[in-house]
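Data block below; observations after.
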Amino acid sequence: RSKRELFVTVSEASRILGVSKRTIHNWLERGTLKFWKTLGGHVRIPETSVDALLEDRNRQMELQERQSVCSILIVEDDPVVIDYYEASMNNWNLPIRLNTAENGFQGLIQLVKERPDLIVTDLRMQGMDGFELIRNLQTRDDFRDIRIVVITVLQPHEIQERGGLPAGIPVFGKPPPLEQVRTIVEEILRSRNRGKPRR
């Protein structure tokens with residue numbers, strides 16, 4: 001073996017990839033793995049081809065794992081309320097992943113890192129408030145179908161005075177009615193398990 005290009009046998013490839021030799025032969029026939037034959041007719045597979053397939057499988061598994069979890073972003077500037085959300089939601093025994101942000105601007109930064117399935121946001125916050133955050137989301141096609149729930153102390157007439165909210169966004173008062181939020185999370189998980197597009 002040269003240092004530049006290392007090769008493995010079918011047996012070694014099956015051990016590295018955790019599949020049977022028959023599967024390796026199928027992949028060789030389909031061109032999923034590259035290979036060449038020695039003068040004696042023995043199959044040799046480039047290690048780079050095995051590594052690429054391994055990386056691809058790991059990416060697929062990570063993607064499936066992410067798709068089976070409901071990602072929730074909480075945008076709230078009161079640390080006591082955030083603690084309440086986290087303590088309650090972590091007791092739901094549902095496959096969820098929580099991220100938090102103190103205002104709309106931090107929320108947008110979090111959105112770029114990980115696109116959530118659901119945003120639970122307050123409206124009154126220092127810096128960028130919930131109104132501006134929601135307006136920002138409405139202008140972005142790639143974020144428009146994220147579910148949003150508003151939990152605020154503002155009364156309906158106060159919300160209207162500040163420009164209102166898009167139709168279809170549920171608005172709840174404080175203290176947060178987390179059972180209703182849980183119902184929305186369960187809906188998201190159910191629709192994903194059915195393989196339907198998320199709305």
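All residue names refer to the structure tokens as shown: chains lettered A, B, ... in order, residues numbered from 1 in each chain, ligands numbered from 1 in order.
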Problem set entry | Non-local contacts of segment 147-160 of chain A (7 Å; only C-alpha atoms; under 2 positions in same chain excluded) as a PyMOL selection string | chain A and resi 117-123+145+162-164+169-174+176
For this session: Mind checking which residues fall within 12 Å of Gly41 of chain A, counting only C-alpha atoms, ignoring those fewer than 5 positions away in the same chain, and posting them as a list in words?
Result: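 So the residues in contact are Thr9, Phe35 and Trp36 of chain A.
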Selection from above, N, CA, C and O atoms, as a tab-separated table (two decimals), in the first residue's frame, can you write it?
```tsv
chain	number	residue	atom	x	y	z
A	9	THR	N	-9.87	-4.42	1.95
A	9	THR	CA	-10.54	-5.57	1.33
A	9	THR	C	-12.04	-5.48	1.58
A	9	THR	O	-12.50	-4.63	2.36
A	35	PHE	N	-13.83	0.63	-6.67
A	35	PHE	CA	-12.91	-0.49	-6.40
A	35	PHE	C	-12.07	-0.80	-7.64
A	35	PHE	O	-12.36	-0.31	-8.74
A	36	TRP	N	-11.06	-1.59	-7.44
A	36	TRP	CA	-10.29	-2.14	-8.56
A	36	TRP	C	-9.90	-3.56	-8.18
A	36	TRP	O	-10.01	-3.96	-7.02
```
For this session: Please identify all polymer residues within 7 Å of segment 67-72 of chain A, counting only C-alpha atoms, omitting same-chain residues fewer than 4 positions from it, and present them as JSON, numbers by chain.
Result: {"A": [63, 95, 96, 97, 98, 99, 116, 117, 118, 119, 185, 189]}
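For the choices A:Asn103, A:Asn91, A:Gln138, A:Ser49, the atom-to-atom distance to Leu73 of chain A is smallest for A:Asn103 when using only C-alpha atoms.
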Exercise. So how far away is atom CA of Ser191 of chain A from atom CA of Gly104 of chain A, in Å?
Worked result: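 Atom-to-atom, atom CA of Gly104 of chain A and atom CA of Ser191 of chain A are spaced 27.5 Å apart.
The shortest atom-to-atom distance to Asn26 of chain A, with only C-alpha atoms taken into account, belongs to A:Val10 out of A:Thr38, A:Glu102, A:Glu76, A:Val10.
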For this session: Using DSSP on the backbone coordinates, identify the residues of chain A assigned to alpha helix (DSSP H); present them as a PyMOL selection string.
Result: chain A and resi 10-17+21-30+47-67+79-89+104-113+130-138+156-161+178-193
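Pairwise distance (atom CA of Asp142 of chain A, atom CA of Gly127 of chain A) equals 23.8 Å.
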Exercise. So how many Å separate atom CA of Leu178 of chain A and atom CA of Ser88 of chain A, to one decimal?
Worked result: 7.8 Å
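Look at Ala13 of chain A: the protein and nucleic acid residues within 10 Å of it, using only C-alpha atoms and passing over chain neighbours fewer than 2 places away, are Phe7, Val8, Thr9, Val10, Ser11, Arg15, Ile16, Leu17, Gly18, Val19, Ser20, Lys21, Ile24, Leu33, Arg44, Ile45, Pro46, Glu47, Ser49, Val50 and Asp51 of chain A.
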Write the residues you've just listed into a file as a PDB file, in the first residue's frame, and include N, CA, C and O atoms for each of them.
```pdb
ATOM      1  N   PHE A   7      -5.905   1.159   0.564  1.00  0.00           N
ATOM      2  CA  PHE A   7      -7.005   0.316   0.091  1.00  0.00           C
ATOM      3  C   PHE A   7      -7.390  -0.699   1.159  1.00  0.00           C
ATOM      4  O   PHE A   7      -6.564  -1.084   1.979  1.00  0.00           O
ATOM      5  N   VAL A   8      -8.651  -1.114   1.133  1.00  0.00           N
ATOM      6  CA  VAL A   8      -9.129  -2.133   2.069  1.00  0.00           C
ATOM      7  C   VAL A   8      -9.777  -3.274   1.290  1.00  0.00           C
ATOM      8  O   VAL A   8     -10.188  -3.103   0.142  1.00  0.00           O
ATOM      9  N   THR A   9      -9.870  -4.422   1.948  1.00  0.00           N
ATOM     10  CA  THR A   9     -10.538  -5.574   1.333  1.00  0.00           C
ATOM     11  C   THR A   9     -12.037  -5.481   1.582  1.00  0.00           C
ATOM     12  O   THR A   9     -12.505  -4.630   2.360  1.00  0.00           O
ATOM     13  N   VAL A  10     -12.793  -6.379   0.958  1.00  0.00           N
ATOM     14  CA  VAL A  10     -14.240  -6.433   1.178  1.00  0.00           C
ATOM     15  C   VAL A  10     -14.539  -6.696   2.655  1.00  0.00           C
ATOM     16  O   VAL A  10     -15.415  -6.066   3.254  1.00  0.00           O
ATOM     17  N   SER A  11     -13.771  -7.626   3.269  1.00  0.00           N
ATOM     18  CA  SER A  11     -13.975  -7.955   4.695  1.00  0.00           C
ATOM     19  C   SER A  11     -13.736  -6.731   5.573  1.00  0.00           C
ATOM     20  O   SER A  11     -14.503  -6.449   6.497  1.00  0.00           O
ATOM     21  N   ARG A  15     -16.477  -4.562   7.900  1.00  0.00           N
ATOM     22  CA  ARG A  15     -16.290  -4.313   9.338  1.00  0.00           C
ATOM     23  C   ARG A  15     -16.373  -2.808   9.644  1.00  0.00           C
ATOM     24  O   ARG A  15     -17.044  -2.384  10.586  1.00  0.00           O
ATOM     25  N   ILE A  16     -15.710  -2.005   8.827  1.00  0.00           N
ATOM     26  CA  ILE A  16     -15.697  -0.545   9.041  1.00  0.00           C
ATOM     27  C   ILE A  16     -17.113   0.034   8.932  1.00  0.00           C
ATOM     28  O   ILE A  16     -17.532   0.861   9.742  1.00  0.00           O
ATOM     29  N   LEU A  17     -17.856  -0.431   7.910  1.00  0.00           N
ATOM     30  CA  LEU A  17     -19.189   0.128   7.650  1.00  0.00           C
ATOM     31  C   LEU A  17     -20.298  -0.583   8.427  1.00  0.00           C
ATOM     32  O   LEU A  17     -21.452  -0.136   8.435  1.00  0.00           O
ATOM     33  N   GLY A  18     -19.964  -1.699   9.081  1.00  0.00           N
ATOM     34  CA  GLY A  18     -20.948  -2.409   9.907  1.00  0.00           C
ATOM     35  C   GLY A  18     -22.056  -3.066   9.099  1.00  0.00           C
ATOM     36  O   GLY A  18     -23.209  -3.103   9.524  1.00  0.00           O
ATOM     37  N   VAL A  19     -21.699  -3.564   7.891  1.00  0.00           N
ATOM     38  CA  VAL A  19     -22.686  -4.253   7.050  1.00  0.00           C
ATOM     39  C   VAL A  19     -22.086  -5.588   6.594  1.00  0.00           C
ATOM     40  O   VAL A  19     -20.893  -5.838   6.755  1.00  0.00           O
ATOM     41  N   SER A  20     -22.926  -6.448   5.988  1.00  0.00           N
ATOM     42  CA  SER A  20     -22.443  -7.754   5.534  1.00  0.00           C
ATOM     43  C   SER A  20     -21.595  -7.609   4.272  1.00  0.00           C
ATOM     44  O   SER A  20     -21.659  -6.597   3.566  1.00  0.00           O
ATOM     45  N   LYS A  21     -20.814  -8.669   3.991  1.00  0.00           N
ATOM     46  CA  LYS A  21     -20.005  -8.669   2.770  1.00  0.00           C
ATOM     47  C   LYS A  21     -20.895  -8.622   1.533  1.00  0.00           C
ATOM     48  O   LYS A  21     -20.551  -8.008   0.531  1.00  0.00           O
ATOM     49  N   ILE A  24     -21.678  -5.134   0.795  1.00  0.00           N
ATOM     50  CA  ILE A  24     -20.513  -4.485   0.174  1.00  0.00           C
ATOM     51  C   ILE A  24     -20.465  -4.826  -1.316  1.00  0.00           C
ATOM     52  O   ILE A  24     -20.277  -3.948  -2.168  1.00  0.00           O
ATOM     53  N   LEU A  33     -19.588   2.169  -4.003  1.00  0.00           N
ATOM     54  CA  LEU A  33     -18.181   2.162  -3.595  1.00  0.00           C
ATOM     55  C   LEU A  33     -17.316   1.965  -4.833  1.00  0.00           C
ATOM     56  O   LEU A  33     -17.650   1.176  -5.716  1.00  0.00           O
ATOM     57  N   ARG A  44     -10.080  -4.568  -4.302  1.00  0.00           N
ATOM     58  CA  ARG A  44      -9.471  -3.582  -3.398  1.00  0.00           C
ATOM     59  C   ARG A  44     -10.302  -2.288  -3.476  1.00  0.00           C
ATOM     60  O   ARG A  44     -10.577  -1.806  -4.578  1.00  0.00           O
ATOM     61  N   ILE A  45     -10.670  -1.791  -2.312  1.00  0.00           N
ATOM     62  CA  ILE A  45     -11.541  -0.603  -2.247  1.00  0.00           C
ATOM     63  C   ILE A  45     -10.740   0.559  -1.649  1.00  0.00           C
ATOM     64  O   ILE A  45     -10.157   0.414  -0.571  1.00  0.00           O
ATOM     65  N   PRO A  46     -10.710   1.722  -2.308  1.00  0.00           N
ATOM     66  CA  PRO A  46      -9.986   2.866  -1.738  1.00  0.00           C
ATOM     67  C   PRO A  46     -10.606   3.278  -0.386  1.00  0.00           C
ATOM     68  O   PRO A  46     -11.834   3.349  -0.262  1.00  0.00           O
ATOM     69  N   GLU A  47      -9.730   3.524   0.587  1.00  0.00           N
ATOM     70  CA  GLU A  47     -10.211   3.950   1.909  1.00  0.00           C
ATOM     71  C   GLU A  47     -11.008   5.246   1.813  1.00  0.00           C
ATOM     72  O   GLU A  47     -11.948   5.460   2.552  1.00  0.00           O
ATOM     73  N   SER A  49     -13.055   6.117  -0.459  1.00  0.00           N
ATOM     74  CA  SER A  49     -14.420   5.796  -0.878  1.00  0.00           C
ATOM     75  C   SER A  49     -15.238   5.281   0.320  1.00  0.00           C
ATOM     76  O   SER A  49     -16.403   5.646   0.496  1.00  0.00           O
ATOM     77  N   VAL A  50     -14.579   4.457   1.159  1.00  0.00           N
ATOM     78  CA  VAL A  50     -15.246   3.943   2.368  1.00  0.00           C
ATOM     79  C   VAL A  50     -15.553   5.093   3.325  1.00  0.00           C
ATOM     80  O   VAL A  50     -16.655   5.207   3.866  1.00  0.00           O
ATOM     81  N   ASP A  51     -14.564   5.981   3.522  1.00  0.00           N
ATOM     82  CA  ASP A  51     -14.749   7.129   4.436  1.00  0.00           C
ATOM     83  C   ASP A  51     -15.875   8.039   3.973  1.00  0.00           C
ATOM     84  O   ASP A  51     -16.680   8.521   4.772  1.00  0.00           O
TER      85      ASP A  51
END
```
Exercise. Which of these, A:Leu6, A:Ile82, A:Val75, A:Ala87, has the shortest distance to Ala101 of chain A once you count only C-alpha atoms?
Worked result: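 Nearest candidate to Ala101 of chain A out of A:Leu6, A:Ile82, A:Val75, A:Ala87: A:Val75.
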